[in-house]
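A quick write-up on the structure given underneath.
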Amino acid sequence: MGRSRRTIPEELLLLALDPTTGTTAQPQSLDLGLAGAQLVELALAGRIAPDGDRIAVVLPRPTGDPTLDSALELLRRRGSPVRAVHWIGGPRLGLRQTYLTHLERCGMVHAVAGQMCGVLPTTRYQATETAISREIRARLDSAIRTGVPPDPRTAALAALAHAVGLGKHLYPGNEGRSSRSRLRDLIRHDPMGGLVAHAVMDVQNGAAAQPRRAPAAGPGRQPGTRAAAEPAAGVPAQPSRRGSMARVGAR
């Protein structure tokens with residue numbers, strides 16, 4: 001891959017990729033999770049930092065990863081810290097496909113063309129580096145089994161896996177119930193991962209569309225009126241829709 005370390009978005013996508021069907025589990029929420037995973041990766045790279053429930057750019061220097069740098073540039077253009085829930089719920093498209101194409105280019109998956117109902121063309125993705133997927137899964141299993149606090153990357157990955165609903169994919173059935181519970185508990189081991197994971201769940205629950213609490217009345221503002229909802233970073237304001245899960249994509 002040209003890098004000694006995989007990014008959290010890449011690892012989250014590999015976790016979600018079903019080795020039998022070549023499809024991704026939880027595709028809608030996974031799009032949100034990938035957007036959140038970019039934030040965690042940028043934080044680990046020292047480019048952004050949490051500011052309450054907001055994300056602030058602290059070092060706008062590119063990371064060298066084009067997809068991450070596109071997200072960083074959008075955050076920089078925002079000019080002021082943006083709420084994580086608004087960023088993750090922002091209307092950008094194609095992030096999952098961007099990362100699938102990237103993994104294919106790196107030789108970690110290969111595309112398999114097919115047809116749905118014998119007519120509609122489809123593309124599935126099969127992992128070619130299964131040892132990498134096993135290593136990622138082993139890190140989560142170890143954190144769940146031993147109870148030893150994981151490293152920040154593994155903790156953030158676990159938090160995002162729980163947030164997008166991969167628990168039932170990774171640890172299915174009644175026998176996986178305790179593992180799913182421990183996966184959820186790992187969310188507390190990384191503050192940034194926890195912030196982003198909760199934002200992903202809030203977007204799925206429609207919280208991103210809720211108006212913010214009205215600020216104190218000032219010049220030109222009548223007491224009791226609400227401020228307009230803050231638009232997602234890098235995009236124009238538009239009417240919010242409760243429960244919408246717009247996808248976030250790299251430019």
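Going through the structure tokens in order, the chains are called A, B, and so on, while each chain numbers its residues from 1 and the ligands are numbered from 1 in the order shown.
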
Could I get the residues of range 54-111 of chain A with an atom no further than 8 Å from an atom of range 13-20 of chain A, each paired with its nearest atom pair and that distance in Å to one decimal, using only C-alpha atoms, sorted by chain and residue number, as a tab-separated table?
residue	atom	partner	partner_atom	distance
A:Arg96	CA	A:Leu13	CA	7.8
A:Tyr99	CA	A:Leu13	CA	7.7
A:Leu100	CA	A:Leu13	CA	7.9

For all heavy atoms, I'd like the residues from the last selection saved as a compact mmCIF listing (two decimals), in the first residue's frame.
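Dumped everything to again-v7.txt:
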# COMPACT_ATOMS: atom_id res chain seq x y z
N ARG A 96 -17.76 5.18 0.40
CA ARG A 96 -17.54 3.73 0.46
C ARG A 96 -16.91 3.23 -0.85
O ARG A 96 -15.95 2.45 -0.82
CB ARG A 96 -18.86 3.02 0.74
CG ARG A 96 -18.76 1.51 0.82
CD ARG A 96 -19.97 0.94 1.53
NE ARG A 96 -21.18 1.68 1.25
CZ ARG A 96 -22.20 1.22 0.49
NH1 ARG A 96 -22.12 0.02 -0.05
NH2 ARG A 96 -23.28 1.95 0.30
N TYR A 99 -13.22 4.16 -1.13
CA TYR A 99 -12.31 3.29 -0.39
C TYR A 99 -12.25 1.88 -0.98
O TYR A 99 -11.19 1.24 -0.96
CB TYR A 99 -12.70 3.24 1.08
CG TYR A 99 -12.09 4.38 1.86
CD1 TYR A 99 -12.86 5.45 2.30
CD2 TYR A 99 -10.72 4.40 2.14
CE1 TYR A 99 -12.28 6.51 2.99
CE2 TYR A 99 -10.14 5.45 2.82
CZ TYR A 99 -10.92 6.49 3.25
OH TYR A 99 -10.34 7.54 3.93
N LEU A 100 -13.35 1.38 -1.53
CA LEU A 100 -13.30 0.08 -2.21
C LEU A 100 -12.37 0.13 -3.41
O LEU A 100 -11.56 -0.78 -3.64
CB LEU A 100 -14.71 -0.34 -2.64
CG LEU A 100 -15.63 -0.88 -1.55
CD1 LEU A 100 -17.05 -1.00 -2.06
CD2 LEU A 100 -15.13 -2.23 -1.02

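Every residue of range 8-244 of chain A with a DSSP assignment of strand (DSSP E), taken from the backbone, is listed as Ile48, Ala49, Pro50, Asp51, Arg54, Ile55, Ala56, Val57, Val82, Arg83, Val109, His110, Ala111, Val112, Ala113, Gly114, Gln115, Met116, Leu120, Pro121, Thr122, Thr123, Arg124, Tyr125, Gln126 and Ala127 of chain A.
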
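The space separating CA of Asp190 in chain A from CA of Pro172 in chain A comes to 24.9 Å.
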
Quiz item: Of the candidates A:Ala155, A:Val58, A:Leu195, A:Cys106, which one gets nearest to Ile136 in chain A if we count only C-alpha atoms?
Solution: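 The shortest atom-to-atom distance to Ile136 in chain A comes from A:Ala155.
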
- In Å, rounded to a single decimal, give me how far CA of Arg180 in chain A is from CA of Ala127 in chain A.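 If I compute the distance from CA of Ala127 in chain A to CA of Arg180 in chain A, I get 24.0 Å.
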
Original post:
Contacts of Tyr171 in chain A at 12 Å or less, counting only C-alpha atoms, minus same-chain residues fewer than 6 places along, as a PyMOL selection string?
Top reply: chain A and resi 15+137+140-141+144+161-162+165+177-184

Exercise. Give the helix (DSSP H, G or I) residues of range 18-71 of chain A, as assigned by DSSP on the backbone, as a VMD selection string.
Key: chain A and resid 27 to 44 66 to 71

Q | Close residues, Glu73 in chain A itself excluded, 8 Å, only C-alpha atoms, min 4 positions apart in chain, as number ranges by chain | A | A: 60, 69, 77

Margin query: With distances taken over only C-alpha atoms, which residue among A:Ala84, A:Asp65, A:Leu75, A:Ala199 lies nearest Arg5 in chain A?
Written below: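 The closest residue to Arg5 in chain A is A:Asp65.
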
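Using only C-alpha atoms for every distance, the candidate list A:Gly22, A:Pro121, A:Pro50, A:Pro191 yields A:Pro50 as the residue closest to Arg83 in chain A.
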
*Fewer than 5 positions away in the same chain doesn't count, so skip those; otherwise give me all residues within 9 Å of Arg139 in chain A, counting only C-alpha atoms, as a VMD selection string.*
chain A and resid 134 144 150 154

**Q.** Distance query Thr21 in chain A at most 12 Å, only C-alpha atoms, self and fewer than 5 positions along chain excluded, as a count of residues only
**A.** 9

Please determine, counting only C-alpha atoms, which residue among A:Val196, A:Ala138, A:Val57, A:Leu120 has the shortest atom-to-atom distance to Ala156 in chain A.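 Of all the options, A:Val196 lies closest to Ala156 in chain A.
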